[in-house]
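Colleague: This is my_file_6.cif (mmCIF, C-alpha atoms).
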data_work
#
loop_
_atom_site.label_atom_id
_atom_site.label_comp_id
_atom_site.auth_asym_id
_atom_site.auth_seq_id
_atom_site.Cartn_x
_atom_site.Cartn_y
_atom_site.Cartn_z
CA MET A 78 7.83 0.03 14.78
CA ARG A 79 7.19 -3.10 16.80
CA ARG A 80 3.63 -3.37 15.47
CA ALA A 81 4.80 -2.83 11.88
CA PHE A 82 7.46 -5.50 12.39
CA PHE A 83 4.96 -8.12 13.53
CA ILE A 84 2.64 -7.24 10.64
CA LEU A 85 5.28 -7.39 7.92
CA VAL A 86 7.32 -10.40 9.07
CA PRO A 87 4.67 -13.07 8.25
CA TRP A 88 4.21 -11.66 4.73
CA ALA A 89 7.95 -11.42 4.16
CA THR A 90 8.31 -15.01 5.36
CA ILE A 91 5.71 -16.21 2.86
CA VAL A 92 7.51 -14.41 0.00
CA VAL A 93 10.89 -15.88 1.03
CA LEU A 94 9.42 -19.40 1.22
CA TRP A 95 7.75 -18.86 -2.13
CA TYR A 96 11.08 -17.99 -3.75
CA ALA A 97 12.76 -20.89 -1.93
CA ILE A 98 10.23 -23.39 -3.29
CA HIS A 99 10.64 -22.02 -6.83
CA TYR A 100 14.43 -22.23 -6.83
CA SER A 101 14.84 -25.32 -4.66
CA GLY A 102 14.45 -27.80 -7.49
CA LEU A 103 12.04 -29.87 -5.42
CA VAL A 104 9.18 -28.66 -7.60
CA ASN A 105 9.15 -27.96 -11.32
CA PRO A 106 9.76 -24.16 -11.49
CA ALA A 107 7.16 -23.91 -14.26
CA LEU A 108 4.51 -24.97 -11.73
CA VAL A 109 5.41 -22.26 -9.18
CA PRO A 110 5.71 -18.78 -10.75
CA THR A 111 7.90 -16.37 -8.78
CA PRO A 112 6.36 -13.54 -6.75
CA HIS A 113 7.81 -10.92 -9.07
CA SER A 114 6.33 -12.63 -12.16
CA VAL A 115 2.94 -12.71 -10.44
CA ALA A 116 3.35 -9.02 -9.54
CA LEU A 117 4.15 -8.18 -13.17
CA ARG A 118 1.08 -10.10 -14.32
CA PHE A 119 -1.03 -8.26 -11.74
CA TRP A 120 0.23 -4.92 -13.05
CA GLU A 121 -0.57 -5.99 -16.61
CA LEU A 122 -4.09 -7.14 -15.72
CA ALA A 123 -4.69 -4.00 -13.63
CA GLY A 124 -4.74 -2.04 -16.86
CA GLN A 125 -7.09 -4.49 -18.54
CA ARG A 126 -9.86 -6.61 -17.00
CA LEU A 127 -8.83 -6.92 -13.34
CA PRO A 128 -10.61 -3.80 -11.93
CA ARG A 129 -13.86 -4.91 -13.52
CA ASP A 130 -13.41 -8.47 -12.24
CA ILE A 131 -12.78 -7.19 -8.71
CA TRP A 132 -15.83 -4.93 -8.88
CA MET A 133 -18.14 -7.69 -10.14
CA SER A 134 -17.01 -10.22 -7.54
CA THR A 135 -17.17 -7.71 -4.69
CA GLN A 136 -20.65 -6.66 -5.78
CA ARG A 137 -21.87 -10.27 -5.85
CA VAL A 138 -20.39 -11.07 -2.44
CA PHE A 139 -21.78 -7.88 -0.91
CA LEU A 140 -25.28 -8.55 -2.22
CA GLY A 141 -25.27 -12.22 -1.26
CA VAL A 142 -23.97 -11.56 2.26
CA THR A 143 -26.33 -8.64 2.83
CA LEU A 144 -29.41 -10.65 1.86
CA GLY A 145 -28.18 -13.68 3.80
CA ILE A 146 -27.57 -11.75 7.02
CA LEU A 147 -30.83 -9.78 6.72
CA LEU A 148 -32.70 -13.10 6.81
CA ALA A 149 -30.33 -14.78 9.26
CA VAL A 150 -30.85 -12.14 11.99
CA PRO A 151 -34.63 -12.61 12.55
CA VAL A 152 -34.35 -16.39 12.08
CA ALA A 153 -31.53 -16.55 14.63
CA PHE A 154 -33.54 -14.49 17.13
CA VAL A 155 -36.44 -16.93 16.89
CA LEU A 156 -34.21 -20.00 17.14
CA GLY A 157 -32.12 -18.61 19.96
CA TRP A 158 -35.03 -17.39 22.04
CA TYR A 159 -37.50 -20.25 21.63
CA ARG A 160 -36.06 -23.60 22.63
CA GLU A 161 -38.96 -25.59 21.15
CA VAL A 162 -38.54 -23.98 17.73
CA ARG A 163 -34.79 -24.55 17.88
CA GLY A 164 -35.24 -28.24 18.63
CA PHE A 165 -37.53 -28.56 15.62
CA ILE A 166 -35.51 -26.51 13.11
CA ASP A 167 -31.93 -27.24 14.22
CA PRO A 168 -31.59 -30.60 12.37
CA LEU A 169 -32.81 -28.99 9.13
CA LEU A 170 -30.37 -26.11 9.49
CA ASN A 171 -27.43 -28.41 10.05
CA PHE A 172 -28.51 -30.60 7.14
CA PHE A 173 -28.56 -27.70 4.66
CA ARG A 174 -25.47 -26.07 6.16
CA ALA A 175 -23.49 -29.25 5.43
CA LEU A 176 -24.40 -29.23 1.74
CA PRO A 177 -21.58 -27.69 -0.34
CA PRO A 178 -22.89 -24.83 -2.50
CA ILE A 179 -21.12 -26.23 -5.56
CA ALA A 180 -23.36 -29.31 -5.37
CA LEU A 181 -26.43 -27.08 -5.78
CA ILE A 182 -25.24 -25.40 -8.97
CA PRO A 183 -27.21 -27.68 -11.36
CA LEU A 184 -30.45 -27.01 -9.46
CA VAL A 185 -29.74 -23.29 -9.21
CA ILE A 186 -29.24 -23.14 -12.98
CA VAL A 187 -32.55 -24.95 -13.52
CA TYR A 188 -34.50 -22.66 -11.19
CA PHE A 189 -32.72 -19.30 -11.64
CA GLY A 190 -30.98 -19.53 -15.00
CA ILE A 191 -27.37 -18.50 -15.61
CA GLY A 192 -27.60 -14.77 -14.89
CA GLU A 193 -26.52 -12.71 -11.89
CA THR A 194 -29.43 -13.98 -9.81
CA ALA A 195 -28.06 -17.52 -9.82
CA LYS A 196 -24.63 -16.38 -8.60
CA VAL A 197 -26.14 -14.28 -5.81
CA VAL A 198 -28.37 -17.20 -4.76
CA ILE A 199 -25.32 -19.42 -4.23
CA LEU A 200 -23.61 -16.72 -2.12
CA PHE A 201 -26.85 -16.05 -0.23
CA TYR A 202 -27.17 -19.74 0.58
CA ALA A 203 -23.61 -19.95 1.94
CA SER A 204 -23.94 -16.70 3.92
CA PHE A 205 -27.32 -17.42 5.46
CA PHE A 206 -26.59 -20.84 6.91
CA SER A 207 -23.14 -19.91 8.23
CA GLY A 208 -24.44 -16.65 9.73
CA VAL A 209 -27.57 -18.03 11.35
CA ILE A 210 -25.72 -20.86 13.11
CA VAL A 211 -23.16 -18.50 14.66
CA MET A 212 -25.77 -15.99 15.72
CA TYR A 213 -28.39 -18.23 17.25
CA GLU A 214 -25.77 -20.11 19.26
CA GLY A 215 -24.70 -16.77 20.71
CA ILE A 216 -28.26 -15.69 21.47
CA ALA A 217 -29.06 -19.01 23.15
CA GLN A 218 -26.12 -18.51 25.51
CA ILE A 219 -27.25 -15.11 26.81
CA SER A 220 -27.65 -15.35 30.57
CA PRO A 221 -31.31 -15.24 31.71
CA ILE A 222 -30.25 -13.07 34.66
CA TYR A 223 -30.36 -9.97 32.45
CA VAL A 224 -34.00 -10.62 31.54
CA ARG A 225 -34.93 -11.33 35.16
CA VAL A 226 -33.33 -8.11 36.38
CA ALA A 227 -35.12 -6.11 33.68
CA ARG A 228 -38.47 -7.66 34.65
CA THR A 229 -37.79 -6.92 38.32
CA LEU A 230 -37.27 -3.28 37.38
CA GLY A 231 -40.63 -3.22 35.63
CA ALA A 232 -39.57 -3.50 31.99
CA ARG A 233 -42.13 -4.79 29.50
CA ASP A 234 -41.35 -7.51 26.96
CA PHE A 235 -40.75 -5.05 24.13
CA GLU A 236 -38.44 -2.95 26.31
CA ILE A 237 -36.53 -6.07 27.35
CA PHE A 238 -36.07 -7.06 23.73
CA LEU A 239 -35.05 -3.59 22.56
CA LYS A 240 -32.84 -2.53 25.47
CA VAL A 241 -31.47 -5.82 26.77
CA ILE A 242 -31.53 -8.54 24.12
CA VAL A 243 -30.58 -6.47 21.08
CA PRO A 244 -27.48 -4.83 22.66
CA LEU A 245 -26.31 -8.19 23.98
CA THR A 246 -26.63 -9.75 20.53
CA VAL A 247 -24.72 -7.03 18.64
CA PRO A 248 -21.36 -8.84 19.14
CA HIS A 249 -22.91 -12.05 17.82
CA MET A 250 -24.37 -10.22 14.81
CA LEU A 251 -20.95 -8.84 13.94
CA THR A 252 -19.33 -12.26 14.37
CA ALA A 253 -22.00 -13.83 12.16
CA LEU A 254 -21.37 -11.14 9.54
CA ARG A 255 -17.62 -11.79 9.58
CA VAL A 256 -18.12 -15.55 9.28
CA ALA A 257 -20.68 -15.12 6.48
CA LEU A 258 -18.35 -12.79 4.62
CA GLY A 259 -15.47 -15.26 4.83
CA VAL A 260 -17.66 -18.15 3.68
CA ALA A 261 -19.04 -16.06 0.79
CA TRP A 262 -15.55 -15.24 -0.49
CA ALA A 263 -14.62 -18.90 -0.15
CA THR A 264 -17.71 -19.79 -2.20
CA LEU A 265 -17.15 -17.11 -4.84
CA VAL A 266 -15.34 -19.33 -7.36
CA ALA A 267 -18.13 -21.92 -7.14
CA SER A 268 -20.79 -19.26 -7.71
CA GLU A 269 -18.95 -17.94 -10.75
CA LEU A 270 -18.90 -21.39 -12.34
CA ILE A 271 -22.37 -20.42 -13.55
CA ALA A 272 -21.49 -18.95 -16.96
CA ALA A 273 -19.67 -15.95 -15.51
CA GLN A 274 -17.83 -13.80 -18.04
CA GLN A 275 -16.45 -11.43 -15.42
CA GLY A 276 -15.30 -11.81 -11.82
CA LEU A 277 -12.26 -13.16 -10.03
CA GLY A 278 -13.65 -16.68 -10.09
CA SER A 279 -14.10 -16.42 -13.84
CA LEU A 280 -10.57 -15.06 -14.16
CA ILE A 281 -9.18 -18.07 -12.26
CA GLN A 282 -11.23 -20.60 -14.24
CA ASN A 283 -10.26 -19.13 -17.61
CA ALA A 284 -6.60 -19.07 -16.60
CA ALA A 285 -6.80 -22.70 -15.48
CA SER A 286 -8.10 -23.69 -18.92
CA PHE A 287 -4.93 -22.29 -20.51
CA PHE A 288 -2.55 -23.30 -17.68
CA GLN A 289 -1.77 -19.64 -16.89
CA LEU A 290 -0.61 -20.21 -13.33
CA ASP A 291 0.52 -16.64 -12.73
CA ILE A 292 -3.00 -15.37 -13.47
CA ILE A 293 -4.44 -17.99 -11.13
CA TYR A 294 -2.14 -16.69 -8.39
CA VAL A 295 -3.25 -13.12 -9.13
CA GLY A 296 -6.91 -14.08 -8.74
CA ILE A 297 -6.33 -16.02 -5.53
CA ILE A 298 -4.26 -13.23 -3.97
CA CYS A 299 -6.86 -10.61 -4.93
CA ILE A 300 -9.63 -12.63 -3.29
CA GLY A 301 -7.54 -13.05 -0.13
CA PHE A 302 -6.62 -9.38 0.19
CA ILE A 303 -10.13 -8.09 -0.54
CA ALA A 304 -11.58 -10.48 2.06
CA LEU A 305 -8.88 -9.40 4.52
CA ALA A 306 -9.63 -5.70 3.94
CA MET A 307 -13.35 -6.27 4.51
CA ASP A 308 -12.67 -8.26 7.67
CA LEU A 309 -10.39 -5.54 9.04
CA GLY A 310 -13.10 -2.98 8.33
CA LEU A 311 -15.66 -5.06 10.21
CA ARG A 312 -13.27 -5.44 13.13
CA ALA A 313 -12.86 -1.68 13.32
CA VAL A 314 -16.64 -1.22 13.30
CA ALA A 315 -17.01 -3.95 15.94
CA ARG A 316 -14.53 -2.22 18.26
CA GLN A 317 -16.64 0.93 18.11
CA LEU A 318 -20.01 -0.77 18.53
CA VAL A 319 -19.02 -3.12 21.35
CA ALA A 320 -16.50 -0.95 23.18
CA TRP A 321 -18.48 -1.67 26.36
CA GLN A 322 -17.80 -5.40 26.14
CA GLU A 323 -15.13 -6.81 28.39
CA ARG A 324 -12.45 -8.69 26.46
CA ILE A 325 -9.42 -10.71 27.44
CA ALA A 326 -7.27 -8.92 24.84
#
Re-express the file's structure as structure tokens.
Modeller:
Amino acid sequence: MRRAFFILVPWATIVVLWYAIHYSGLVNPALVPTPHSVALRFWELAGQRLPRDIWMSTQRVFLGVTLGILLAVPVAFVLGWYREVRGFIDPLLNFFRALPPIALIPLVIVYFGIGETAKVVILFYASFFSGVIVMYEGIAQISPIYVRVARTLGARDFEIFLKVIVPLTVPHMLTALRVALGVAWATLVASELIAAQQGLGSLIQNAASFFQLDIIYVGIICIGFIALAMDLGLRAVARQLVAWQERIA
């Protein structure tokens, strides 16, 4: 009961504040639809286009993050393990990481067209650079004492990598995946600016064109809850994979 209380109270507080803002008179009520009107719109859209929009957006995010992390892992290992390479590549990584994906949309359209590939490229870009930074920083901070002990015990380089380095980097891989997933969902609307007919980003953009604020709220809330569900799933997996790791809480 105590756990359920602490989970529900923040959400209940948001709903109460939402109603308070709508009825306070401080803001034009037409600009802040009530929670129940948004819920009714959600129920209406659930029988129409919303399931397909959710599926398309989730599919794009999943593909972009998967490809981004698959490339980020080996790149992060090289950067984290070889100081000389890191010193050479690090400025480039930080340069590209700072570029907002939305600024690249014109070039992406030129090089990849307006199909699904272009949308996935934007999500891949956001996922890769956020994931690789998190992961290689973690790898670079691994204590050399583990490698020295393994060498003292007669382990070869491949054994050290497989049995020492990889297990120690699993927590950093999972953290990089969580960060990349969050960044990809945050970038979703930008990626779906590229002539998307379906997807939550497309839903939000179309609603904005017709000033349908309740639909905009539905799209935003759906993105938030799907991202939250994925993050909770990753946390559950992380607890199983790194149960050996000592944690403060």
Colleague: If I take CA of Met212 in chain A and CA of Gly164 in chain A, how far is one from the other in Å, to one decimal?
Modeller: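 The value is 15.8 Å.
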Colleague: Determine the nearest neighbour of Ile292 in chain A from the options A:Gln317, A:Thr111, A:Gln218, A:Ser134, counting only C-alpha atoms.
Modeller: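 Result for the nearest residue to Ile292 in chain A: A:Thr111.
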Colleague: I'd like to know which of A:Ala180, A:Ala153, A:Ser114, A:Ala195 is closest to Glu269 in chain A, using all atoms listed in the file.
Modeller: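 Selected residue with least distance to Glu269 in chain A: A:Ala195.
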Colleague: Rank nothing, just name the residue among A:Asn171, A:Ser204, A:Asn105, A:Thr90 nearest to Ala257 in chain A, using all atoms listed in the file.
Modeller: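 Under the stated criterion, the closest residue is A:Ser204.
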Colleague: Could you check the closest approach to Tyr294 in chain A for each of A:Ile84, A:Ile281, A:Val104, A:Val266 and tell me which residue wins, using only C-alpha atoms?
Modeller: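 Nearest candidate to Tyr294 in chain A out of A:Ile84, A:Ile281, A:Val104, A:Val266: A:Ile281.
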Colleague: Quick check, in Å to one decimal: how far apart do CA of Gly215 in chain A and CA of Tyr202 in chain A lie?
Modeller: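 So the two atoms, CA of Gly215 in chain A and CA of Tyr202 in chain A, lie 20.5 Å apart.
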Colleague: Expand the PyMOL selection byres ((chain A and resi 299-315) around 10) into the individual residues it matches in the shown file, reporting them as a ChimeraX atom specification.
Modeller: /A:119,127,131,134-135,138,247-248,250-252,254-256,258-263,265-266,277-278,293-298,316-320
Colleague: One decimal, Å: what's the distance from CA of Ala273 in chain A over to CA of Asp130 in chain A, could you say?
Modeller: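 Separating CA of Ala273 in chain A from CA of Asp130 in chain A is a distance of 10.3 Å.
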Colleague: So which one's closest to Leu148 in chain A, A:Phe238, A:Phe205, A:Phe288, A:Trp88? Using only C-alpha atoms, please.
Modeller: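 The closest residue to Leu148 in chain A is A:Phe205.
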Colleague: Using all atoms listed in the file, pick whichever of A:Val162, A:Val86, A:Ile199, A:Ala116 has the shortest atom-to-atom distance to Ala267 in chain A.
Modeller: A:Ile199
Colleague: For the structure provided, state which residues fall under the PyMOL selection byres ((chain A and resi 271) around 12), and present them as a PyMOL selection string.
Modeller: chain A and resi 178-179+181-187+189-199+265-270+272-276+278-279+282
Colleague: Quick one: everything within 12 Å of Arg160 in chain A, counting only C-alpha atoms, minus sequence neighbours fewer than 4 positions away in the same chain. Send it as a PyMOL selection string.
Modeller: chain A and resi 153-156+164-167+213-214+216-218
Colleague: Could you list, as a VMD selection string, every residue within 8 Å of Phe201 in chain A, counting only C-alpha atoms and ignoring same-chain residues fewer than 5 positions away?
Modeller: chain A and resid 140 to 142 144 to 145 261
Colleague: Print the selection's residues with C-alpha atoms to a file, as a compact mmCIF listing (two decimals), in the coordinates of the input.
Modeller:
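The result, written out as part_10.txt:
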# COMPACT_ATOMS: atom_id res chain seq x y z
CA LEU A 140 -25.28 -8.55 -2.22
CA GLY A 141 -25.27 -12.22 -1.26
CA VAL A 142 -23.97 -11.56 2.26
CA LEU A 144 -29.41 -10.65 1.86
CA GLY A 145 -28.18 -13.68 3.80
CA ALA A 261 -19.04 -16.06 0.79
Colleague: On this structure, which residues satisfy the PyMOL selection byres ((chain A and resi 227) around 12), written as a PyMOL selection string?
Modeller: chain A and resi 221-226+228-242
Colleague: If we draw a sphere of 12 Å around (-21.3, -27.4, 8.2), which residues have at least one atom in it when counting all atoms listed in the file? Please report them as a list in words.
Modeller: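 Here is the list of nearby residues: Pro168, Leu169, Leu170, Asn171, Phe172, Phe173, Arg174, Ala175, Leu176, Pro177, Pro178, Ala203, Ser204, Phe205, Phe206, Ser207, Gly208, Val209, Ile210, Val211 and Val260 of chain A.
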